[in-house]
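Visitor: Coordinates in run13.cif, mmCIF, C-alpha atoms, are listed below.
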```
data_input
loop_
_atom_site.group_PDB
_atom_site.id
_atom_site.type_symbol
_atom_site.label_atom_id
_atom_site.label_comp_id
_atom_site.auth_asym_id
_atom_site.auth_seq_id
_atom_site.Cartn_x
_atom_site.Cartn_y
_atom_site.Cartn_z
ATOM 1 C CA MET R 4 45.975 24.945 4.121
ATOM 2 C CA SER R 5 48.024 28.046 3.322
ATOM 3 C CA PRO R 6 46.732 30.139 0.412
ATOM 4 C CA TRP R 7 50.080 29.937 -1.409
ATOM 5 C CA LEU R 8 50.007 26.138 -1.223
ATOM 6 C CA LEU R 9 46.471 26.022 -2.582
ATOM 7 C CA TRP R 10 47.446 28.264 -5.514
ATOM 8 C CA THR R 11 50.560 26.126 -6.102
ATOM 9 C CA LEU R 12 48.501 22.938 -6.242
ATOM 10 C CA LEU R 13 46.024 24.584 -8.613
ATOM 11 C CA ALA R 14 48.884 25.632 -10.917
ATOM 12 C CA VAL R 15 50.367 22.118 -10.878
ATOM 13 C CA VAL R 16 47.005 20.514 -11.704
ATOM 14 C CA CYS R 17 46.288 23.031 -14.490
ATOM 15 C CA TRP R 18 49.731 22.557 -16.024
ATOM 16 C CA GLY R 19 49.442 18.772 -15.779
ATOM 17 C CA LEU R 20 46.104 18.857 -17.590
ATOM 18 C CA TRP R 21 47.516 21.352 -20.102
ATOM 19 C CA ALA R 22 50.323 18.917 -20.980
ATOM 20 C CA VAL R 23 47.867 16.098 -21.730
ATOM 21 C CA VAL R 24 45.557 18.343 -23.762
ATOM 22 C CA SER R 25 48.596 19.710 -25.635
ATOM 23 C CA LYS R 26 49.563 16.188 -26.685
ATOM 24 C CA LEU R 27 46.067 15.707 -28.124
ATOM 25 C CA ILE R 28 46.532 18.788 -30.324
ATOM 26 C CA GLY R 29 49.668 17.390 -31.981
ATOM 27 C CA GLU R 30 48.078 15.220 -34.634
ATOM 28 C CA ALA R 31 45.516 17.783 -35.777
ATOM 29 C CA LEU R 32 47.590 20.980 -36.054
ATOM 30 C CA THR R 33 51.146 22.091 -36.692
ATOM 31 C CA PRO R 34 53.010 23.558 -33.720
ATOM 32 C CA ALA R 35 52.527 27.117 -34.999
ATOM 33 C CA GLN R 36 48.835 26.479 -35.649
ATOM 34 C CA SER R 37 48.493 25.062 -32.126
ATOM 35 C CA GLN R 38 49.712 28.265 -30.521
ATOM 36 C CA ALA R 39 47.065 30.577 -32.029
ATOM 37 C CA PRO R 40 43.963 28.824 -30.652
ATOM 38 C CA SER R 41 45.786 28.205 -27.381
ATOM 39 C CA THR R 42 46.252 31.947 -27.055
ATOM 40 C CA ILE R 43 42.539 32.488 -27.646
ATOM 41 C CA GLY R 44 41.968 30.305 -24.578
ATOM 42 C CA ILE R 45 43.545 33.077 -22.506
ATOM 43 C CA LEU R 46 40.802 35.562 -23.416
ATOM 44 C CA PRO R 47 38.178 34.465 -20.839
ATOM 45 C CA ILE R 48 40.755 34.802 -18.069
ATOM 46 C CA LEU R 49 41.943 38.142 -19.450
ATOM 47 C CA VAL R 50 38.383 39.472 -19.312
ATOM 48 C CA LEU R 51 38.294 38.691 -15.590
ATOM 49 C CA PHE R 52 41.320 40.901 -14.967
ATOM 50 C CA VAL R 53 40.603 43.847 -17.282
ATOM 51 C CA GLY R 54 39.726 46.914 -15.310
ATOM 52 C CA ARG R 55 41.312 45.760 -12.064
ATOM 53 C CA ARG R 56 43.504 48.488 -10.705
ATOM 54 C CA GLY R 57 46.991 47.578 -9.651
ATOM 55 C CA GLU R 58 48.838 49.089 -6.731
ATOM 56 C CA ARG R 59 51.653 50.383 -8.923
ATOM 57 C CA SER R 60 51.592 53.352 -11.231
ATOM 58 C CA GLY R 61 53.843 55.490 -13.395
ATOM 59 C CA GLY R 62 57.182 54.108 -14.543
ATOM 60 C CA HIS R 63 56.796 50.905 -12.569
ATOM 61 C CA ARG R 64 53.561 50.150 -14.398
ATOM 62 C CA MET R 65 55.067 50.750 -17.859
ATOM 63 C CA ARG R 66 58.084 48.594 -17.020
ATOM 64 C CA GLY R 67 55.696 45.882 -15.831
ATOM 65 C CA ILE R 68 53.700 46.063 -19.064
ATOM 66 C CA GLN R 69 56.884 45.805 -21.135
ATOM 67 C CA ALA R 70 58.062 42.819 -19.109
ATOM 68 C CA ALA R 71 54.631 41.176 -19.469
ATOM 69 C CA VAL R 72 54.727 41.563 -23.267
ATOM 70 C CA ALA R 73 58.256 40.132 -23.367
ATOM 71 C CA ALA R 74 57.114 37.222 -21.177
ATOM 72 C CA GLY R 75 54.213 36.616 -23.555
ATOM 73 C CA VAL R 76 56.523 36.504 -26.580
ATOM 74 C CA LEU R 77 58.875 34.088 -24.817
ATOM 75 C CA THR R 78 55.954 31.928 -23.701
ATOM 76 C CA CYS R 79 54.623 31.819 -27.256
ATOM 77 C CA LEU R 80 57.986 30.765 -28.696
ATOM 78 C CA GLY R 81 58.424 28.182 -25.943
ATOM 79 C CA ASN R 82 54.940 26.813 -26.569
ATOM 80 C CA VAL R 83 55.534 26.424 -30.309
ATOM 81 C CA THR R 84 58.678 24.386 -29.656
ATOM 82 C CA TYR R 85 56.863 22.446 -26.927
ATOM 83 C CA TYR R 86 54.022 21.577 -29.319
ATOM 84 C CA ALA R 87 56.597 20.464 -31.903
ATOM 85 C CA LEU R 88 58.227 18.193 -29.337
ATOM 86 C CA LEU R 89 54.890 16.706 -28.320
ATOM 87 C CA ARG R 90 53.925 16.146 -31.937
ATOM 88 C CA ASN R 91 56.989 14.009 -32.515
ATOM 89 C CA GLY R 92 57.707 12.628 -29.057
ATOM 90 C CA LYS R 93 56.063 10.970 -26.108
ATOM 91 C CA ALA R 94 54.386 13.179 -23.526
ATOM 92 C CA ALA R 95 55.835 11.006 -20.756
ATOM 93 C CA THR R 96 59.339 11.988 -21.932
ATOM 94 C CA VAL R 97 58.865 15.514 -23.290
ATOM 95 C CA VAL R 98 56.926 16.949 -20.336
ATOM 96 C CA PRO R 99 59.414 15.986 -17.586
ATOM 97 C CA LEU R 100 62.430 17.061 -19.646
ATOM 98 C CA THR R 101 60.979 20.466 -20.455
ATOM 99 C CA ALA R 102 59.868 20.822 -16.835
ATOM 100 C CA VAL R 103 63.461 21.459 -15.745
ATOM 101 C CA TYR R 104 63.254 24.960 -17.243
ATOM 102 C CA PRO R 105 63.402 26.527 -13.746
ATOM 103 C CA ILE R 106 67.121 25.704 -13.746
ATOM 104 C CA VAL R 107 67.517 28.354 -16.473
ATOM 105 C CA THR R 108 65.540 30.746 -14.281
ATOM 106 C CA VAL R 109 67.802 30.048 -11.301
ATOM 107 C CA VAL R 110 70.989 30.651 -13.289
ATOM 108 C CA LEU R 111 69.636 33.889 -14.782
ATOM 109 C CA ALA R 112 68.385 35.059 -11.368
ATOM 110 C CA LEU R 113 71.837 34.483 -9.908
ATOM 111 C CA LEU R 114 73.599 36.279 -12.756
ATOM 112 C CA PHE R 115 71.284 39.201 -13.478
ATOM 113 C CA LEU R 116 69.107 39.673 -10.391
ATOM 114 C CA HIS R 117 71.951 38.921 -7.961
ATOM 115 C CA GLU R 118 69.776 36.539 -5.970
ATOM 116 C CA ARG R 119 71.332 34.108 -3.535
ATOM 117 C CA LEU R 120 70.406 30.499 -2.807
ATOM 118 C CA ASN R 121 70.315 28.888 0.595
ATOM 119 C CA ALA R 122 71.186 25.236 1.273
ATOM 120 C CA THR R 123 67.564 24.061 1.060
ATOM 121 C CA GLN R 124 67.108 25.712 -2.341
ATOM 122 C CA CYS R 125 70.345 24.164 -3.641
ATOM 123 C CA PHE R 126 69.184 20.751 -2.431
ATOM 124 C CA GLY R 127 65.858 21.223 -4.223
ATOM 125 C CA ILE R 128 67.647 22.068 -7.464
ATOM 126 C CA ILE R 129 69.802 18.962 -7.175
ATOM 127 C CA LEU R 130 66.706 16.826 -6.569
ATOM 128 C CA SER R 131 64.957 18.274 -9.608
ATOM 129 C CA LEU R 132 67.870 17.309 -11.833
#
```
Could you quickly redo this structure as C-alpha coordinates?
Guide:
Amino acid sequence: MSPWLLWTLLAVVCWGLWAVVSKLIGEALTPAQSQAPSTIGILPILVLFVGRRGERSGGHRMRGIQAAVAAGVLTCLGNVTYYALLRNGKAATVVPLTAVYPIVTVVLALLFLHERLNATQCFGIILSL
(Lines of atoms letter the chains of each structure in order from A and count residues from 1; the text may use other names and numbers.)
(Lines give C-alpha, C1' and ligand atoms only; values in the text may rest on other atoms or scores of the structure.)
Protein backbone atom coordinates (compact mmCIF):
# COMPACT_ATOMS: atom_id res chain seq x y z
CA MET A 1 0.00 0.00 0.00
CA SER A 2 1.31 3.45 -0.90
CA PRO A 3 2.27 5.65 2.06
CA TRP A 4 -0.05 8.46 0.91
CA LEU A 5 -3.00 6.05 0.81
CA LEU A 6 -2.23 4.78 4.30
CA TRP A 7 -2.09 8.36 5.64
CA THR A 8 -5.34 9.17 3.79
CA LEU A 9 -7.12 6.20 5.36
CA LEU A 10 -5.80 7.16 8.79
CA ALA A 11 -7.12 10.71 8.34
CA VAL A 12 -10.54 9.43 7.22
CA VAL A 13 -10.81 7.07 10.21
CA CYS A 14 -9.70 9.77 12.67
CA TRP A 15 -12.15 12.31 11.25
CA GLY A 16 -14.97 9.75 11.27
CA LEU A 17 -14.31 8.98 14.93
CA TRP A 18 -13.97 12.70 15.67
CA ALA A 19 -17.45 13.33 14.24
CA VAL A 20 -19.04 10.71 16.52
CA VAL A 21 -17.16 11.93 19.60
CA SER A 22 -18.12 15.52 18.72
CA LYS A 23 -21.80 14.57 18.73
CA LEU A 24 -21.38 13.16 22.25
CA ILE A 25 -20.04 16.52 23.46
CA GLY A 26 -23.16 18.40 22.34
CA GLU A 27 -25.40 17.75 25.31
CA ALA A 28 -22.78 18.50 27.96
CA LEU A 29 -21.18 21.72 26.68
CA THR A 30 -22.02 24.74 24.57
CA PRO A 31 -20.32 24.95 21.17
CA ALA A 32 -17.81 27.53 22.43
CA GLN A 33 -17.09 25.46 25.53
CA SER A 34 -16.57 22.39 23.33
CA GLN A 35 -13.80 24.05 21.35
CA ALA A 36 -11.51 24.81 24.32
CA PRO A 37 -11.06 21.24 25.59
CA SER A 38 -10.89 20.01 22.00
CA THR A 39 -7.93 22.30 21.46
CA ILE A 40 -6.23 20.89 24.55
CA GLY A 41 -6.43 17.50 22.82
CA ILE A 42 -3.95 18.84 20.26
CA LEU A 43 -1.23 19.30 22.88
CA PRO A 44 0.08 15.69 22.98
CA ILE A 45 0.49 15.74 19.20
CA LEU A 46 2.09 19.19 19.32
CA VAL A 47 4.68 17.91 21.80
CA LEU A 48 5.69 15.24 19.28
CA PHE A 49 6.50 17.89 16.68
CA VAL A 50 8.16 20.58 18.82
CA GLY A 51 11.84 20.77 18.10
CA ARG A 52 11.66 19.10 14.70
CA ARG A 53 13.54 21.17 12.19
CA GLY A 54 11.84 21.97 8.94
CA GLU A 55 13.56 22.22 5.60
CA ARG A 56 12.50 25.83 5.10
CA SER A 57 13.92 28.89 6.76
CA GLY A 58 13.78 32.67 6.65
CA GLY A 59 10.81 34.38 5.03
CA HIS A 60 9.24 31.12 3.92
CA ARG A 61 9.17 29.92 7.52
CA MET A 62 7.54 33.12 8.84
CA ARG A 63 4.94 33.04 6.07
CA GLY A 64 4.25 29.40 6.95
CA ILE A 65 3.82 30.26 10.63
CA GLN A 66 1.41 33.08 9.77
CA ALA A 67 -0.60 30.80 7.50
CA ALA A 68 -0.67 28.11 10.21
CA VAL A 69 -2.04 30.58 12.78
CA ALA A 70 -4.67 31.77 10.30
CA ALA A 71 -5.60 28.13 9.59
CA GLY A 72 -5.93 27.52 13.32
CA VAL A 73 -8.27 30.49 13.76
CA LEU A 74 -10.41 29.36 10.83
CA THR A 75 -10.47 25.79 12.15
CA CYS A 76 -11.55 27.03 15.57
CA LEU A 77 -14.39 29.12 14.14
CA GLY A 78 -15.46 26.24 11.90
CA ASN A 79 -15.41 23.84 14.84
CA VAL A 80 -17.58 26.10 17.00
CA THR A 81 -20.22 26.27 14.27
CA TYR A 82 -19.86 22.52 13.68
CA TYR A 83 -20.43 21.80 17.38
CA ALA A 84 -23.49 24.07 17.31
CA LEU A 85 -24.88 22.15 14.34
CA LEU A 86 -24.27 18.81 16.03
CA ARG A 87 -25.88 20.02 19.23
CA ASN A 88 -29.10 20.80 17.42
CA GLY A 89 -29.02 18.39 14.49
CA LYS A 90 -28.40 14.78 13.62
CA ALA A 91 -24.83 13.66 13.05
CA ALA A 92 -25.97 11.59 10.08
CA THR A 93 -27.13 14.81 8.37
CA VAL A 94 -24.68 17.42 9.68
CA VAL A 95 -21.46 15.49 9.03
CA PRO A 96 -22.07 14.72 5.33
CA LEU A 97 -23.33 18.24 4.59
CA THR A 98 -20.34 19.92 6.21
CA ALA A 99 -18.04 17.42 4.50
CA VAL A 100 -18.53 19.18 1.16
CA TYR A 101 -16.28 22.01 2.37
CA PRO A 102 -13.57 21.01 -0.15
CA ILE A 103 -15.75 22.60 -2.84
CA VAL A 104 -14.96 25.97 -1.22
CA THR A 105 -11.28 25.02 -1.30
CA VAL A 106 -11.48 24.15 -5.00
CA VAL A 107 -13.16 27.44 -5.91
CA LEU A 108 -10.65 29.47 -3.88
CA ALA A 109 -7.72 27.50 -5.34
CA LEU A 110 -8.97 28.25 -8.85
CA LEU A 111 -9.47 31.94 -8.13
CA PHE A 112 -6.49 32.80 -5.95
CA LEU A 113 -3.89 30.08 -6.52
CA HIS A 114 -4.61 29.83 -10.26
CA GLU A 115 -4.77 26.04 -10.08
CA ARG A 116 -6.31 24.06 -12.91
CA LEU A 117 -8.52 20.98 -12.76
CA ASN A 118 -8.31 18.01 -15.07
CA ALA A 119 -11.31 15.93 -16.18
CA THR A 120 -10.87 13.33 -13.43
CA GLN A 121 -10.82 16.02 -10.74
CA CYS A 122 -13.95 17.66 -12.18
CA PHE A 123 -15.70 14.28 -12.20
CA GLY A 124 -14.73 13.74 -8.56
CA ILE A 125 -16.18 17.11 -7.59
CA ILE A 126 -19.43 16.30 -9.36
CA LEU A 127 -19.62 12.95 -7.56
CA SER A 128 -19.05 14.58 -4.19
CA LEU A 129 -21.98 16.92 -4.75
Visitor: Could you check which of R:Ala70, R:Leu12, R:Ile106, R:Ile28 is closest to Tyr85 (chain R), using all atoms listed in the file?
Guide: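 Using all atoms listed in the file, the shortest distance to Tyr85 (chain R) belongs to R:Ile28.
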Visitor: Would you mind listing what lies within 12 Å of Ala39 (chain R) as a list in words, with only C-alpha atoms counted and same-chain residues fewer than 4 positions away left out?
Guide: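 Selected residues are Ile28, Leu32, Thr33, Pro34, Ala35, Ile43, Gly44, Ile45, Leu46, Cys79, Leu80, Asn82, Val83 and Tyr86 of chain R.
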Visitor: Take CA of Ser131 (chain R) and CA of Pro99 (chain R) and report the distance between them in Å, one decimal.
Guide: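 Going from CA of Ser131 (chain R) over to CA of Pro99 (chain R) covers 10.0 Å.
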Visitor: R:Ile48, R:Ala122, R:Ile129, R:Ala87: which is nearest Val103 (chain R), counting only C-alpha atoms?
Guide: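 Among R:Ile48, R:Ala122, R:Ile129, R:Ala87, it is R:Ile129 that comes nearest to Val103 (chain R).
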Visitor: Mind pulling up the distance from CA of Gln38 (chain R) to CA of Val24 (chain R)?
Guide: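 Computing the Euclidean distance for CA of Val24 (chain R) and CA of Gln38 (chain R) yields 12.7 Å.
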Visitor: For Gly92 (chain R), which of R:Gly29, R:Leu132, R:Val53, R:Gly67 is the closest residue, counting all atoms listed in the file?
Guide: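 Once distances to Gly92 (chain R) are computed over all atoms listed in the file, the minimum belongs to R:Gly29.
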Visitor: Find the residue from R:Ser5, R:Asn121, R:Thr84, R:Gln69 that sits nearest to Ser25 (chain R); use all atoms listed in the file when measuring.
Guide: R:Thr84
Visitor: Which value, in Å to one decimal, gives the distance between CA of Ala71 (chain R) and CA of Val15 (chain R)?
Guide: 21.3 Å
Visitor: Identify which of the residues R:Leu89, R:Leu116, R:Val109, R:Ala22 lies closest to Ile128 (chain R), counting all atoms listed in the file when measuring atom-to-atom distances.
Guide: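 Using all atoms listed in the file, Ile128 (chain R) sits closest to R:Val109.
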